[in-house]
>>> print(open('input38.pdb').read())   # PDB, C-alpha atoms
ATOM      1  CA  MET A  72       0.000   0.000   0.000
ATOM      2  CA  LYS A  73       1.430   3.346  -1.037
ATOM      3  CA  SER A  74       1.763   6.016   1.625
ATOM      4  CA  ARG A  75      -0.072   9.284   1.002
ATOM      5  CA  PRO A  76       2.239  12.311   0.267
ATOM      6  CA  ARG A  77       2.782  14.381   3.348
ATOM      7  CA  GLY A  78       1.600  18.012   3.118
ATOM      8  CA  PHE A  79       2.538  21.081   5.154
ATOM      9  CA  THR A  80       1.265  21.351   8.654
ATOM     10  CA  LEU A  81      -0.597  24.439   9.808
ATOM     11  CA  LEU A  82       2.372  25.396  11.969
ATOM     12  CA  GLU A  83       4.754  25.213   9.015
ATOM     13  CA  VAL A  84       2.441  27.387   6.928
ATOM     14  CA  LEU A  85       2.181  29.974   9.702
ATOM     15  CA  VAL A  86       5.977  30.049  10.118
ATOM     16  CA  ALA A  87       6.480  30.464   6.359
ATOM     17  CA  LEU A  88       3.935  33.299   6.231
ATOM     18  CA  SER A  89       5.594  35.000   9.193
ATOM     19  CA  LEU A  90       9.015  34.781   7.555
ATOM     20  CA  LEU A  91       7.574  36.081   4.264
ATOM     21  CA  GLY A  92       5.912  38.985   6.101
ATOM     22  CA  LEU A  93       9.176  39.803   7.894
ATOM     23  CA  LEU A  94      11.072  39.716   4.600
ATOM     24  CA  MET A  95       8.519  42.034   2.941
ATOM     25  CA  MET A  96       8.721  44.420   5.905
ATOM     26  CA  LEU A  97      12.522  44.539   5.626
ATOM     27  CA  ILE A  98      12.330  45.199   1.885
ATOM     28  CA  ALA A  99       9.728  47.958   2.417
ATOM     29  CA  SER A 100      11.869  49.564   5.143
ATOM     30  CA  ALA A 101      14.904  49.490   2.872
ATOM     31  CA  LEU A 102      12.931  51.137   0.058
ATOM     32  CA  VAL A 103      11.586  53.839   2.387
ATOM     33  CA  ALA A 104      15.077  54.514   3.740
ATOM     34  CA  SER A 105      16.463  54.665   0.217
ATOM     35  CA  ASN A 106      13.767  57.122  -0.891
ATOM     36  CA  HIS A 107      14.343  59.250   2.212
ATOM     37  CA  THR A 108      18.092  59.316   1.588
ATOM     38  CA  GLN A 109      17.523  60.262  -2.042
ATOM     39  CA  GLU A 110      15.119  63.043  -0.998
ATOM     40  CA  LEU A 111      17.627  64.393   1.529
ATOM     41  CA  GLY A 112      20.341  64.302  -1.123
ATOM     42  CA  GLU A 113      18.174  66.235  -3.572
ATOM     43  CA  ARG A 114      17.254  68.809  -0.905
ATOM     44  CA  TYR A 115      20.919  69.195   0.032
ATOM     45  CA  SER A 116      21.914  69.620  -3.620
ATOM     46  CA  ASN A 117      19.133  72.145  -4.292
ATOM     47  CA  ARG A 118      19.980  74.150  -1.169
ATOM     48  CA  LEU A 119      23.657  74.104  -2.069
ATOM     49  CA  ASN A 120      22.828  75.519  -5.503
ATOM     50  CA  GLU A 121      20.649  78.244  -3.903
ATOM     51  CA  VAL A 122      23.390  79.248  -1.472
ATOM     52  CA  ARG A 123      26.064  79.277  -4.175
ATOM     53  CA  SER A 124      23.907  81.356  -6.516
ATOM     54  CA  ALA A 125      23.143  83.870  -3.759
ATOM     55  CA  GLN A 126      26.827  84.087  -2.794
ATOM     56  CA  ASP A 127      27.891  84.603  -6.396
ATOM     57  CA  PHE A 128      25.305  87.319  -7.021
ATOM     58  CA  LEU A 129      26.050  89.175  -3.777
ATOM     59  CA  ARG A 130      29.797  89.015  -4.383
ATOM     60  CA  SER A 131      29.529  90.167  -7.990
ATOM     61  CA  ALA A 132      27.115  93.019  -7.242
ATOM     62  CA  ALA A 133      29.016  94.293  -4.189
ATOM     63  CA  GLN A 134      32.401  94.126  -5.897
ATOM     64  CA  GLN A 135      31.063  96.286  -8.723
ATOM     65  CA  ALA A 136      29.270  98.851  -6.539
ATOM     66  CA  TYR A 137      29.534 102.152  -8.380
ATOM     67  CA  PRO A 138      29.958 105.595  -6.733
ATOM     68  CA  MET A 139      26.880 107.025  -8.418
ATOM     69  CA  VAL A 140      24.442 109.341  -6.646
ATOM     70  CA  PHE A 141      20.980 107.766  -6.465
ATOM     71  CA  LEU A 142      19.381 110.047  -3.852
ATOM     72  CA  ARG A 143      19.709 113.552  -2.415
ATOM     73  CA  ASP A 144      18.172 114.558   0.906
ATOM     74  CA  ALA A 145      16.517 117.836   1.894
ATOM     75  CA  GLN A 146      19.952 119.415   2.387
ATOM     76  CA  ASN A 147      20.973 118.281  -1.106
ATOM     77  CA  LEU A 148      23.483 115.825   0.349
ATOM     78  CA  ALA A 149      24.265 113.014  -2.042
ATOM     79  CA  GLU A 150      23.837 109.335  -1.262
ATOM     80  CA  VAL A 151      25.829 106.717  -3.143
ATOM     81  CA  PHE A 152      25.620 103.912  -0.567
ATOM     82  CA  ASP A 153      22.953 103.073   2.004
ATOM     83  CA  GLY A 154      24.192 100.442   4.422
ATOM     84  CA  GLU A 155      22.246  99.289   7.477
ATOM     85  CA  ALA A 156      22.498  96.172   9.619
ATOM     86  CA  GLN A 157      19.879  94.253   7.611
ATOM     87  CA  GLN A 158      19.547  96.100   4.328
ATOM     88  CA  MET A 159      21.705  97.927   1.821
ATOM     89  CA  ARG A 160      21.335  99.887  -1.409
ATOM     90  CA  PHE A 161      23.922 100.781  -4.015
ATOM     91  CA  VAL A 162      24.291 101.204  -7.762
ATOM     92  CA  ALA A 163      25.921  98.381  -9.708
ATOM     93  CA  PRO A 164      25.771  96.941 -13.229
ATOM     94  CA  LEU A 165      23.374  94.122 -13.902
ATOM     95  CA  PRO A 166      24.741  90.977 -15.568
ATOM     96  CA  ALA A 167      24.473  91.052 -19.353
ATOM     97  CA  ARG A 168      21.915  88.199 -19.262
ATOM     98  CA  LEU A 169      19.622  90.525 -17.265
ATOM     99  CA  SER A 170      19.966  93.370 -19.791
ATOM    100  CA  GLY A 171      23.046  94.964 -18.191
ATOM    101  CA  GLY A 172      23.360  98.662 -17.387
ATOM    102  CA  LEU A 173      23.713 100.472 -14.079
ATOM    103  CA  GLN A 174      20.785  99.985 -11.723
ATOM    104  CA  LEU A 175      20.104 100.577  -8.078
ATOM    105  CA  HIS A 176      20.220  97.300  -6.142
ATOM    106  CA  ALA A 177      18.171  97.154  -2.929
ATOM    107  CA  PHE A 178      18.764  94.123  -0.671
ATOM    108  CA  SER A 179      16.435  93.433   2.252
ATOM    109  CA  LEU A 180      14.697  90.707   4.257
ATOM    110  CA  VAL A 181      10.994  89.991   3.744
ATOM    111  CA  ASP A 182       8.658  87.666   5.636
ATOM    112  CA  ASN A 183       7.517  84.499   3.906
ATOM    113  CA  ARG A 184       4.531  82.219   4.466
ATOM    114  CA  HIS A 185       6.681  79.661   6.314
ATOM    115  CA  GLY A 186       7.336  81.994   9.229
ATOM    116  CA  SER A 187      10.955  82.691   8.287
ATOM    117  CA  LYS A 188      12.644  85.313   6.099
ATOM    118  CA  ASP A 189      13.664  85.524   2.459
ATOM    119  CA  LEU A 190      16.554  87.571   1.129
ATOM    120  CA  GLN A 191      15.121  89.809  -1.581
ATOM    121  CA  VAL A 192      16.719  92.070  -4.163
ATOM    122  CA  ALA A 193      14.822  94.801  -6.015
ATOM    123  CA  PHE A 194      16.139  96.778  -8.993
ATOM    124  CA  PHE A 195      15.509 100.406  -9.945
ATOM    125  CA  GLN A 196      16.337 102.113 -13.226
ATOM    126  CA  PHE A 197      17.455 105.691 -13.767
ATOM    127  CA  ASP A 198      15.706 107.943 -16.258
ATOM    128  CA  ALA A 199      14.891 111.632 -16.708
ATOM    129  CA  GLN A 200      12.205 111.437 -13.998
ATOM    130  CA  GLY A 201      14.510 109.740 -11.492
ATOM    131  CA  LEU A 202      14.243 106.172 -10.237
ATOM    132  CA  HIS A 203      11.549 103.670 -11.032
ATOM    133  CA  ALA A 204      11.203  99.967 -10.291
ATOM    134  CA  TRP A 205      12.558  97.568 -12.911
ATOM    135  CA  GLY A 206      10.568  94.350 -12.824
ATOM    136  CA  ASP A 207       9.376  92.600  -9.690
ATOM    137  CA  PRO A 208      11.579  92.044  -6.632
ATOM    138  CA  GLN A 209      13.398  88.708  -6.787
ATOM    139  CA  ILE A 210      13.962  86.211  -3.970
ATOM    140  CA  LEU A 211      17.708  85.712  -3.850
ATOM    141  CA  LEU A 212      17.755  83.142  -1.046
ATOM    142  CA  PRO A 213      14.652  81.754   0.727
ATOM    143  CA  ASN A 214      14.207  80.611   4.325
ATOM    144  CA  LEU A 215      16.780  82.524   6.348
ATOM    145  CA  ASP A 216      17.039  82.536  10.128
ATOM    146  CA  SER A 217      19.155  85.703  10.260
ATOM    147  CA  TRP A 218      21.035  88.177   8.063
ATOM    148  CA  GLN A 219      23.623  90.641   9.339
ATOM    149  CA  LEU A 220      25.657  93.221   7.417
ATOM    150  CA  SER A 221      28.660  95.228   8.532
ATOM    151  CA  TYR A 222      30.940  97.680   6.770
ATOM    152  CA  ARG A 223      34.539  98.818   6.895
ATOM    153  CA  GLY A 224      36.144 101.826   5.242
ATOM    154  CA  LEU A 225      37.736 105.206   5.878
ATOM    155  CA  ASP A 226      36.417 107.823   8.297
ATOM    156  CA  PRO A 227      36.385 111.582   7.459
ATOM    157  CA  ARG A 228      40.053 111.802   8.572
ATOM    158  CA  SER A 229      40.943 109.013   6.110
ATOM    159  CA  GLN A 230      41.609 106.614   8.975
ATOM    160  CA  PRO A 231      40.503 102.982   8.570
ATOM    161  CA  THR A 232      37.528 101.932  10.650
ATOM    162  CA  GLY A 233      36.661  98.592  12.204
ATOM    163  CA  TRP A 234      33.555  96.696  11.183
ATOM    164  CA  LEU A 235      30.536  98.979  11.620
ATOM    165  CA  PRO A 236      26.901  97.769  11.866
ATOM    166  CA  ARG A 237      25.840 100.824   9.852
ATOM    167  CA  TRP A 238      27.725 102.785   7.199
ATOM    168  CA  PRO A 239      27.599 106.402   8.503
ATOM    169  CA  TRP A 240      28.975 108.168   5.402
ATOM    170  CA  PRO A 241      26.461 107.532   2.609
ATOM    171  CA  GLU A 242      28.186 110.040   0.310
ATOM    172  CA  ARG A 243      30.937 107.501  -0.398
ATOM    173  CA  LEU A 244      31.392 103.769  -0.696
ATOM    174  CA  PRO A 245      32.827 101.615   2.084
ATOM    175  CA  LEU A 246      35.949  99.623   1.334
ATOM    176  CA  ALA A 247      34.414  96.257   2.186
ATOM    177  CA  ILE A 248      31.144  94.591   3.170
ATOM    178  CA  ARG A 249      30.844  91.587   5.483
ATOM    179  CA  ILE A 250      27.756  89.423   5.049
ATOM    180  CA  GLU A 251      26.777  86.970   7.780
ATOM    181  CA  LEU A 252      23.622  84.912   7.721
ATOM    182  CA  GLN A 253      22.107  81.708   8.971
ATOM    183  CA  ALA A 254      20.153  79.795   6.359
ATOM    184  CA  SER A 255      17.620  77.089   7.172
ATOM    185  CA  GLY A 256      18.731  73.657   6.059
ATOM    186  CA  PRO A 257      21.908  71.565   6.139
ATOM    187  CA  ILE A 258      24.156  74.069   4.310
ATOM    188  CA  PRO A 259      26.236  76.305   6.599
ATOM    189  CA  TRP A 260      26.990  79.811   5.334
ATOM    190  CA  ALA A 261      30.506  81.025   6.070
ATOM    191  CA  PRO A 262      30.876  84.813   6.538
ATOM    192  CA  LEU A 263      31.382  86.476   3.163
ATOM    193  CA  VAL A 264      33.707  89.497   2.979
ATOM    194  CA  VAL A 265      33.593  91.449  -0.285
ATOM    195  CA  ALA A 266      36.024  94.224  -1.211
ATOM    196  CA  ILE A 267      34.495  96.987  -3.328
ATOM    197  CA  ARG A 268      36.690  97.587  -6.356
ATOM    198  CA  LEU A 269      35.753 101.209  -7.040
ATOM    199  CA  SER A 270      35.793 102.351  -3.420
ATOM    200  CA  THR A 271      38.170 105.258  -2.876
ATOM    201  CA  GLY A 272      36.865 106.861   0.293
ATOM    202  CA  LEU A 273      36.487 110.144  -1.606
ATOM    203  CA  ASP A 274      33.946 112.787  -0.692
ATOM    204  CA  GLU A 275      31.059 113.909  -2.888
ATOM    205  CA  ALA A 276      33.056 116.624  -4.656
ATOM    206  CA  GLN A 277      35.337 113.950  -6.037
ATOM    207  CA  VAL A 278      32.587 111.577  -7.078
ATOM    208  CA  SER A 279      31.068 112.033 -10.513
ATOM    209  CA  ARG A 280      27.566 110.954 -11.203
TER     210      ARG A 280
END
>>> encode(input="input38.pdb", output="structure tokens")
Amino acid sequence: MKSRPRGFTLLEVLVALSLLGLLMMLIASALVASNHTQELGERYSNRLNEVRSAQDFLRSAAQQAYPMVFLRDAQNLAEVFDGEAQQMRFVAPLPARLSGGLQLHAFSLVDNRHGSKDLQVAFFQFDAQGLHAWGDPQILLPNLDSWQLSYRGLDPRSQPTGWLPRWPWPERLPLAIRIELQASGPIPWAPLVVAIRLSTGLDEAQVSR
């Protein structure tokens, strides 16, 4: 008499299903971890590109700051550079890809919908009627925790100053600008010090518009 083939017991089936479930859980966890790592890598790469672009634009614009009068006050005193702790304005050429030409650059922080700050730059053109906005303000770097500017140059006695939180002589350019900020995300921002090429420390009488 032939013996009947032996099948799987209920216990063996339950063990096999448990092992299969554990294997599927491990595979799913590995896929989730892989996707998370890829997402973090993409966010890191995108943030790095944002920081580099902002650094390059700030460095290029500040280096080329031009001693051109863009404002006169009630006493007819000229202003070629407006430098505060968290905003600055100066005239500089735009890159050729943005039409070129000398325009007033105005850098400032603006609130965003995420509860943090964005670094914004606005441009103003010169014409016979004075200044007028050129295009919409552009976000140079989003999601900042802080932004601090300081300036160094020559005082009225032509003596070098230390780093000042505000540039007190708007009729002339500082010699250098230091930009410090904390940006949200994994990319640290090292302090950026930019020397202004056309800065001479001259007074208004020696500055041509």
>>> closest_atom_pairs(input="input38.pdb", of="region 192-259 of chain A", to="region 180-183 of chain A", cutoff="12 Å", atoms="only C-alpha atoms", output="tab-separated table")
residue	atom	partner	partner_atom	distance
A:Val192	CA	A:Leu180	CA	8.8
A:Ala193	CA	A:Leu180	CA	11.1
A:Pro208	CA	A:Val181	CA	10.6
A:Gln209	CA	A:Val181	CA	10.9
A:Ile210	CA	A:Val181	CA	9.1
A:Leu211	CA	A:Leu180	CA	10.0
A:Leu212	CA	A:Leu180	CA	9.7
A:Pro213	CA	A:Asn183	CA	8.3
A:Asn214	CA	A:Asn183	CA	7.7
A:Leu215	CA	A:Leu180	CA	8.7
A:Asp216	CA	A:Leu180	CA	10.3
A:Ser217	CA	A:Leu180	CA	9.0
A:Trp218	CA	A:Leu180	CA	7.8
A:Gln219	CA	A:Leu180	CA	10.3
A:Leu220	CA	A:Leu180	CA	11.7
A:Leu252	CA	A:Leu180	CA	11.2
>>> residues_near_point(input="input38.pdb", point="(24.5, 92.1, -3.7)", cutoff="10 Å", atoms="all atoms listed in the file", output="JSON, numbers by chain")
{"A": [125, 126, 127, 128, 129, 130, 131, 132, 133, 134, 135, 136, 159, 160, 161, 162, 163, 176, 177, 178, 191, 192, 211, 248, 250, 265]}
>>> closest_residue(input="input38.pdb", among="A:Trp260, A:Trp240, A:Trp234, A:Phe194", to="Asp153 (chain A)", atoms="all atoms listed in the file")
A:Trp240
>>> atom_distance(input="input38.pdb", atom1="CA of Ile267 (chain A)", atom2="CA of Ala247 (chain A)")
5.6 Å
>>> atom_distance(input="input38.pdb", atom1="CA of Gly201 (chain A)", atom2="CA of Arg143 (chain A)")
11.1 Å
>>> closest_residue(input="input38.pdb", among="A:Tyr115, A:Phe197, A:Trp205, A:Tyr137", to="Pro245 (chain A)", atoms="only C-alpha atoms")
A:Tyr137
>>> decode(input="input38.pdb", residues="region 127-145 of chain A", atoms="N, CA and C atoms", output="short mmCIF file (atom, residue, chain, number, x, y, z; two decimals), in the first residue's frame")
data_model
loop_
_atom_site.label_atom_id
_atom_site.label_comp_id
_atom_site.auth_asym_id
_atom_site.auth_seq_id
_atom_site.Cartn_x
_atom_site.Cartn_y
_atom_site.Cartn_z
N ASP A 127 27.30 84.08 -5.16
CA ASP A 127 27.89 84.60 -6.40
C ASP A 127 27.28 85.95 -6.77
N PHE A 128 25.95 86.07 -6.65
CA PHE A 128 25.30 87.32 -7.02
C PHE A 128 25.69 88.43 -6.06
N LEU A 129 25.67 88.16 -4.76
CA LEU A 129 26.05 89.18 -3.78
C LEU A 129 27.50 89.63 -3.99
N ARG A 130 28.39 88.67 -4.19
CA ARG A 130 29.80 89.02 -4.38
C ARG A 130 29.99 89.86 -5.64
N SER A 131 29.37 89.44 -6.73
CA SER A 131 29.53 90.17 -7.99
C SER A 131 28.96 91.58 -7.89
N ALA A 132 27.75 91.70 -7.34
CA ALA A 132 27.12 93.02 -7.24
C ALA A 132 27.91 93.94 -6.33
N ALA A 133 28.31 93.44 -5.15
CA ALA A 133 29.02 94.29 -4.19
C ALA A 133 30.39 94.70 -4.72
N GLN A 134 31.10 93.79 -5.35
CA GLN A 134 32.40 94.13 -5.90
C GLN A 134 32.32 95.26 -6.91
N GLN A 135 31.21 95.31 -7.65
CA GLN A 135 31.06 96.29 -8.72
C GLN A 135 30.23 97.50 -8.31
N ALA A 136 30.01 97.67 -7.00
CA ALA A 136 29.27 98.85 -6.54
C ALA A 136 29.91 100.11 -7.12
N TYR A 137 29.07 100.99 -7.63
CA TYR A 137 29.53 102.15 -8.38
C TYR A 137 29.22 103.43 -7.60
N PRO A 138 30.18 104.37 -7.51
CA PRO A 138 29.96 105.60 -6.73
C PRO A 138 29.07 106.59 -7.46
N MET A 139 27.84 106.19 -7.67
CA MET A 139 26.88 107.02 -8.42
C MET A 139 25.78 107.50 -7.48
N VAL A 140 25.47 108.76 -7.51
CA VAL A 140 24.44 109.34 -6.65
C VAL A 140 23.07 108.84 -7.08
N PHE A 141 22.33 108.23 -6.15
CA PHE A 141 20.98 107.77 -6.47
C PHE A 141 19.92 108.50 -5.65
N LEU A 142 20.34 109.34 -4.69
CA LEU A 142 19.38 110.05 -3.85
C LEU A 142 20.04 111.28 -3.27
N ARG A 143 19.27 112.35 -3.12
CA ARG A 143 19.71 113.55 -2.41
C ARG A 143 18.66 113.90 -1.37
N ASP A 144 19.11 114.25 -0.17
CA ASP A 144 18.17 114.56 0.91
C ASP A 144 17.75 116.02 0.85
N ALA A 145 17.04 116.46 1.88
CA ALA A 145 16.52 117.84 1.89
C ALA A 145 17.63 118.87 1.89
#
